[in-house]
Structure formats: C-alpha cells, structure tokens
Amino acid sequence: MASDLNVRTAKKPAGTAALMTALLAACVAFQLNASMLSPALVTMARELHTDEAATGLSQTAFFTACAMFSLFLPRFSDIVGRRRVLLWMLVVMAAGTVLAAVAPNIAVLDIARVAQGVSGPVVQISLLMLRSEITDPKRFGTLMGLVTAVNGGIAGVDALAGGWLAAHHGFRSIFWVIALVALVAAVAVALGCPESRPSAGTPMDWPGVPPLVISVAALLLAVDQAKKLGGANWPLAAGLLAVALLAFAVFWRVEKGSRHPLVRIDDLRQRATWAPLLTTLLTLTGVFAAVNGVLMSFVQNEQAGFGMGAGLASLVFLTPFALVGWLVGPFTGRLAPLVGYRRLLRWGLLGSAVVVVVMALVGVHSLPVMVGCTVLLGVTYAGIANIVLNLLGVVLAPKDHPGFLPGLISAAFGLGAGLSFALLSAVQVSGSPQGSSSAGGYVAALLLGGVVVAAAYAASFLIPRPREAEVAP
C-alpha cells in the first residue's frame with residue numbers, strides 16, 4: 001500500500017506538467033483565434049473581395065458563437081467527461097480553421113468562424129479540470145492564474161505576429177498557423193489530460209439549451225447593433241432585445257419544470273451567482289472599450305490626440321498592456337488563496353478605476369502619462385481583476401453543478417465587452433466627432449468608464465467569500 005502511494009506521489013509532478021502543457025496549448029490555440037486576426041481584417045477584406053464591415057462581422061460571428069457554446073458545453077463536460085469534450089472542441093476548431101484557410105468567399109469564412117467558436121469555453125473547462133486534479137489551494141491558484149493569463153493575450157505577440165503574417169503571406173497563413181497549434185493541442189490533451197466526470201449519469205438538460213442560447217445570442221446581437229451608433233438599425237436592435245427577453249422567460253419556465261436543469265433557478269437567486277456576474281458585467285463595460293476603443297482612437301487622432309499610426313499605437317499601448325497582464329496573472333492566482341479572492345479583486349478594481357480617471361484627466365495631455373497608465377491598467381485589470389473574475393466562476397460554483405457558473409461568467413465577459421463599446425463609444429463620438437480638435441468626448445468617455453468600474457468595485461462587496469478555496473490565516 002505504501003509503495004502504491006509512493007508511485008502515485010512520484011508520478012504527480014510529471015502528471016501535473018503534462019496536464020498544464022496540454023491545457024496551456026489548448027488555451028493558446030483558442031486565444032490565437034480571438035486575437036491574431038484583428039490586425040488582418042483589412043487584408044482579409046482585400047483578398048476576399050469584400051469590405052472591412054463584412055470581415056468585422058466574421059469576428060462578431062466567432063465571438064457570439066464562443067458565448068453560445070460557453071453556456072452549455074462546460075455543464076455537458078461535467079456529464080460526459082471534460083477531457084472528451086475539450087478534445088472534440090479542439091478537433092472541431094481545427095476543422096473550422098482549415099475551412100477558413102481555404103474559404104473562397106466571406107460566407108464560407110463566416111461559417112468557419114462559427115465552427116471555431118466551439119472553442120469558446122476552453123479556458124473554463126481547463127480551469128474545471130485543474131480544480132478536479134489539484135487539491136492544494138495555493139498550487140491550484142497559481143496554475144489557474146497561469147492558464148487564465150493566456151486568455152488575455154500571449155504577451156501581445158499574437159497580434160503582432162498576425163499582422164506580420166497577413167502582410168507577408170496573406171490572411172490564410174494565419175489560419176494555417178492556428179490549425180497547426182490546434183492539432184498539437186489536441187494531441188497534448190489526448191495524451192496528458194486525465195478524465196473527470198463529476199456529474200456522470202446525470203441527464204443533460206437539452207430542452208433548456210435552445211432558449212438560453214437564443215436569449216443570450218439575441219442580446220449580444222442587439223448590443224452589437226447599438227455599437228454602430230449612427231449606423232445602427234434601432235428597430236432591429238429593439239426586436240432582438242424583445243426576442244432575448246421572451247426566450248429567457250421560456251428558459252426560466254423550462255428550468256423550473258426540469259428534474260436536471262442546465263441552470264437551477266435557486267442557484268440564480270444566490271449571491272454566489274448573480275454578484276460575480278454583475279461585477280464581471282460592470283468591469284468589462286467600464287474597462288474594455290476604454291483601452292481597446294477610446295484609448296486607441298485618441299492616440300491615433302491627429303486633431304485631438306497624439307497622431308500615432310495604428311501599428312505604433314498597438315506596439316506602444318496594447319502590447320505592454322497584454323504583456324504585463326500575462327506576467328502578473330500567475331502571481332495573482334498564487335496570492336488569491338492567501339490574501340482572499342475578494343480582497344484581491346477589490347484591489348484590482350479600485351486601482352483600475354483610479355487609473356482610468358487619471359487617463360482622462362492627465363493622460364490625454366501627456367503621452368508618457370498615458371503609456372504609464374496603460375501599463376498600470378495591465379496590472380490592475382488584465383493581471384488582477386480579469387484573472388480573479390474568471391477564477392471566482394470556478395471556486396464559487398456548486399460542487400454538484402460545477403460547470404454552469406464558469407459558462408455564465410464567460411457570457412458576461414462577452415456582453416460587457418459589447419456594452420462597453422456601445423456606451424463609451426457613444427459618449428466619445430458625441431463629444432469629439434470626427435474632425436474635431438476637442439478631446440472632450442474622450443475625456444467624458446474615460447470618466448464614465450471609471451465610474452462604471454467604481455460601480456463594479458461596489459458590487460464586488462456582494463460576492464460571498466469562497467472559504468474552501470482560501471488558506472486560513
């Protein structure tokens with residue numbers, strides 16, 4: 001008996017290394033889909049003989065599909081096996097990527113991007129697999145932080161590499177690189193990941209899936225319309241919002257009558273569910289477009305801003321932002337069980353709110369200050385708040401229903417990002433219209449972002465403490 005224990009103990013580090021290698025490879029494959037194509041949209045439009053609006057819709061198709069599959073695949077993986085579901089997600093993603101690489105037109109590319117969206121819950125399922133295998137809170141937090149940090153971008157190198165590949169070898173080369181990474185990740189998962197089925201034998205609540213997916217999809221598409229501001233089809237947006245509400249009402253009714261619901265109504269009423277969802281939604285609404293929209297527009301604005309080129313602006317602002325978040329993430333995961341998940345989240349949110357306000361009041365007048373604020377935001381938001389919000393979805397989920405909350409958190413990230421562009425961009429454009437030399441719109445948008453992040457900070461006090469995931473002082 002002792003010898004068996006020694007064998008298992010000896011194998012554990014190697015097993016953990018294989019598991020982490022596989023999970024990181026899977027997360028990298030997904031992240032490349034999310035970020036590597038952003039600099040290539042112009043090239044894609046030219047090579048597919050379409051316009052940038054059409055290629056932008058292919059991005060919308062991918063992210064919407066990611067949100068949809070994130071709603072139910074984590075729960076499905078609890079039942080049929082996380083390793084099995086993760087492996088098939090990577091296989092389908094690779095197939096969709098190959099289809100995208102050979103797509104003759106934008107319609108086929110859109111279909112391919114939807115297929116790639118099956119990979120949406122890769123990070124959530126990876127975190128659930130770690131939760132099953134690693135029992136020590138400190139070690140578990142460190143490894144979760146490392147996995148989640150990849151989700152924020154691969155140190156900014158992914159976007160730069162995507163731009164270089166598109167410029168020198170065309171947009172199709174990006175998809176071939178992603179397909180290769182996805183296949184390598186699939187092999188690593190097949191060889192290095194143990195299986196876990198915490199809800200084995202429980203029927204999957206398939207009747208609850210369509211109304212939930214329709215509700216969230218309609219809501220995301222309504223927000224995407226709102227992002228277009230003056231070009232938005234507001235009757236369509238209102239119709240989509242009505243569809244979202246109706247579908248959610250149907251979902252609520254279905255779940256109340258289900259013996260094995262996809263999302264238990266009682267769980268939705270718990271603070272452990274709605275408080276982290278509210279905090280996530282507010283955080284993303286306040287920060288996402290502040291960095292990726294308002295900031296990038298301002299620094300490239302020749303009349304009101306610093307007049308930088310797009311490539312230089314990405315290198316100076318987005319790359320350090322992603323790099324710092326990538327480096328800080330593992331330390332956040334390590335510290336969270338020691339100092340408390342909620343306390344660390346509040347530090348990150350409070351710091352983010354302060355930094356965004358400084359960007360608005362001082363950074364718009366000083367390039368060095370704006371660069372410094374972006375780096376600090378990489379610490380407070382990308383490296384701390386973003387990481388802890390993802391981790392809370394895992395550590396606060398019910399033990400007998402672990403997959404549902406990470407999926408909802410993922411959807412809240414997507415909805416918050418869309419709302420952020422709709423809200424902050426509207427303020428920016430109204431105050432600093434195209435051709436204006438006034439920075440008033442940018443200042444107002446950033447200040448509004450800071451206020452929304454402050455609201456997220458207040459909401460974080462409603463999140464219950466995940467005691468079992470923390471180390472007692």
# chains A, B, ... in the order shown; residues from 1 in each chain; ligands from 1

$ residues_around --residues "region 125-131 of chain A" --least-positions-apart "2" --cutoff "7 Å" --atoms "only C-alpha atoms" --output "ChimeraX atom specification"
/A:23,74,82,121-123,133-134,144,394

$ select_by_dssp --residues "region 253-462 of chain A" --states "helix (DSSP H, G or I)" --output "PyMOL selection string"
chain A and resi 253-256+265-268+271-300+310-339+341-361+363-365+367-395+404-431+440-460

$ closest_residue --among "A:Leu396, A:Leu424, A:Ala456, A:Leu219" --to "Ala238 (chain A)" --atoms "only C-alpha atoms"
A:Leu219

$ residues_around --residues "Pro368 (chain A)" --least-positions-apart "6" --cutoff "12 Å" --atoms "only C-alpha atoms" --output "MDAnalysis selection string"
chainID A and resid 299 306 316:317 359 362 374:375

$ write_last_selection --atoms "N, CA, C and O atoms" --output "PDB file, in the first residue's frame"
ATOM      1  N   VAL A 299      -5.206  58.150 -29.291  1.00  0.00           N
ATOM      2  CA  VAL A 299      -3.769  58.270 -29.593  1.00  0.00           C
ATOM      3  C   VAL A 299      -3.516  58.328 -31.100  1.00  0.00           C
ATOM      4  O   VAL A 299      -2.473  58.805 -31.533  1.00  0.00           O
ATOM      5  N   PHE A 306      -2.663  62.189 -30.197  1.00  0.00           N
ATOM      6  CA  PHE A 306      -1.215  62.185 -30.404  1.00  0.00           C
ATOM      7  C   PHE A 306      -0.813  61.890 -31.842  1.00  0.00           C
ATOM      8  O   PHE A 306       0.370  61.923 -32.175  1.00  0.00           O
ATOM      9  N   VAL A 316       2.972  50.387 -28.713  1.00  0.00           N
ATOM     10  CA  VAL A 316       3.251  51.211 -27.535  1.00  0.00           C
ATOM     11  C   VAL A 316       2.239  50.980 -26.415  1.00  0.00           C
ATOM     12  O   VAL A 316       2.596  51.010 -25.236  1.00  0.00           O
ATOM     13  N   PHE A 317       0.978  50.693 -26.796  1.00  0.00           N
ATOM     14  CA  PHE A 317      -0.073  50.600 -25.776  1.00  0.00           C
ATOM     15  C   PHE A 317      -0.568  49.166 -25.557  1.00  0.00           C
ATOM     16  O   PHE A 317      -0.535  48.668 -24.437  1.00  0.00           O
ATOM     17  N   MET A 359      -6.124  58.658 -16.606  1.00  0.00           N
ATOM     18  CA  MET A 359      -6.004  58.710 -18.067  1.00  0.00           C
ATOM     19  C   MET A 359      -6.853  59.843 -18.627  1.00  0.00           C
ATOM     20  O   MET A 359      -6.435  60.565 -19.542  1.00  0.00           O
ATOM     21  N   VAL A 362      -5.349  63.468 -16.932  1.00  0.00           N
ATOM     22  CA  VAL A 362      -3.940  63.817 -17.138  1.00  0.00           C
ATOM     23  C   VAL A 362      -3.377  63.181 -18.410  1.00  0.00           C
ATOM     24  O   VAL A 362      -2.670  63.826 -19.187  1.00  0.00           O
ATOM     25  N   THR A 374      -1.527  52.935 -19.026  1.00  0.00           N
ATOM     26  CA  THR A 374      -1.885  51.700 -19.722  1.00  0.00           C
ATOM     27  C   THR A 374      -1.153  50.507 -19.119  1.00  0.00           C
ATOM     28  O   THR A 374      -1.727  49.424 -18.958  1.00  0.00           O
ATOM     29  N   VAL A 375       0.111  50.703 -18.776  1.00  0.00           N
ATOM     30  CA  VAL A 375       0.870  49.629 -18.130  1.00  0.00           C
ATOM     31  C   VAL A 375       0.270  49.293 -16.770  1.00  0.00           C
ATOM     32  O   VAL A 375       0.111  48.119 -16.417  1.00  0.00           O
TER      33      VAL A 375
END

$ residues_around --residues "Gln300 (chain A)" --least-positions-apart "4" --cutoff "8 Å" --atoms "only C-alpha atoms" --output "ChimeraX atom specification"
/A:296,305-310,313

$ write_last_selection --atoms "all heavy atoms" --output "PDB file, in the first residue's frame"
ATOM      1  N   MET A 296      -7.286  53.812 -28.018  1.00  0.00           N
ATOM      2  CA  MET A 296      -6.656  53.617 -29.320  1.00  0.00           C
ATOM      3  C   MET A 296      -7.123  54.658 -30.330  1.00  0.00           C
ATOM      4  O   MET A 296      -6.355  55.091 -31.194  1.00  0.00           O
ATOM      5  CB  MET A 296      -6.950  52.206 -29.827  1.00  0.00           C
ATOM      6  CG  MET A 296      -6.294  51.109 -28.992  1.00  0.00           C
ATOM      7  SD  MET A 296      -4.497  51.331 -28.849  1.00  0.00           S
ATOM      8  CE  MET A 296      -4.001  51.017 -30.539  1.00  0.00           C
ATOM      9  N   GLY A 305      -5.685  64.107 -30.521  1.00  0.00           N
ATOM     10  CA  GLY A 305      -4.811  63.200 -29.797  1.00  0.00           C
ATOM     11  C   GLY A 305      -3.348  63.330 -30.164  1.00  0.00           C
ATOM     12  O   GLY A 305      -2.859  64.426 -30.457  1.00  0.00           O
ATOM     13  N   PHE A 306      -2.663  62.189 -30.197  1.00  0.00           N
ATOM     14  CA  PHE A 306      -1.215  62.185 -30.404  1.00  0.00           C
ATOM     15  C   PHE A 306      -0.813  61.890 -31.842  1.00  0.00           C
ATOM     16  O   PHE A 306       0.370  61.923 -32.175  1.00  0.00           O
ATOM     17  CB  PHE A 306      -0.566  61.156 -29.470  1.00  0.00           C
ATOM     18  CG  PHE A 306      -0.830  61.409 -28.005  1.00  0.00           C
ATOM     19  CD1 PHE A 306      -1.209  60.380 -27.159  1.00  0.00           C
ATOM     20  CD2 PHE A 306      -0.710  62.683 -27.476  1.00  0.00           C
ATOM     21  CE1 PHE A 306      -1.461  60.610 -25.812  1.00  0.00           C
ATOM     22  CE2 PHE A 306      -0.956  62.929 -26.135  1.00  0.00           C
ATOM     23  CZ  PHE A 306      -1.337  61.889 -25.301  1.00  0.00           C
ATOM     24  N   GLY A 307      -1.774  61.546 -32.717  1.00  0.00           N
ATOM     25  CA  GLY A 307      -1.486  61.349 -34.133  1.00  0.00           C
ATOM     26  C   GLY A 307      -0.572  60.176 -34.442  1.00  0.00           C
ATOM     27  O   GLY A 307       0.199  60.229 -35.406  1.00  0.00           O
ATOM     28  N   MET A 308      -0.646  59.121 -33.676  1.00  0.00           N
ATOM     29  CA  MET A 308       0.211  57.949 -33.904  1.00  0.00           C
ATOM     30  C   MET A 308      -0.402  57.043 -34.966  1.00  0.00           C
ATOM     31  O   MET A 308      -1.613  57.015 -35.174  1.00  0.00           O
ATOM     32  CB  MET A 308       0.373  57.160 -32.597  1.00  0.00           C
ATOM     33  CG  MET A 308       0.979  57.957 -31.457  1.00  0.00           C
ATOM     34  SD  MET A 308       1.035  57.025 -29.893  1.00  0.00           S
ATOM     35  CE  MET A 308       2.288  55.816 -30.278  1.00  0.00           C
ATOM     36  N   GLY A 309       0.443  56.285 -35.666  1.00  0.00           N
ATOM     37  CA  GLY A 309      -0.032  55.290 -36.611  1.00  0.00           C
ATOM     38  C   GLY A 309      -0.592  54.086 -35.877  1.00  0.00           C
ATOM     39  O   GLY A 309      -0.281  53.843 -34.704  1.00  0.00           O
ATOM     40  N   ALA A 310      -1.407  53.280 -36.577  1.00  0.00           N
ATOM     41  CA  ALA A 310      -2.075  52.145 -35.941  1.00  0.00           C
ATOM     42  C   ALA A 310      -1.068  51.121 -35.418  1.00  0.00           C
ATOM     43  O   ALA A 310      -1.205  50.604 -34.304  1.00  0.00           O
ATOM     44  CB  ALA A 310      -3.032  51.485 -36.931  1.00  0.00           C
ATOM     45  N   ALA A 313       0.807  52.545 -32.410  1.00  0.00           N
ATOM     46  CA  ALA A 313      -0.090  52.641 -31.263  1.00  0.00           C
ATOM     47  C   ALA A 313      -0.291  51.277 -30.601  1.00  0.00           C
ATOM     48  O   ALA A 313      -0.277  51.164 -29.373  1.00  0.00           O
ATOM     49  CB  ALA A 313      -1.440  53.212 -31.700  1.00  0.00           C
TER      50      ALA A 313
END
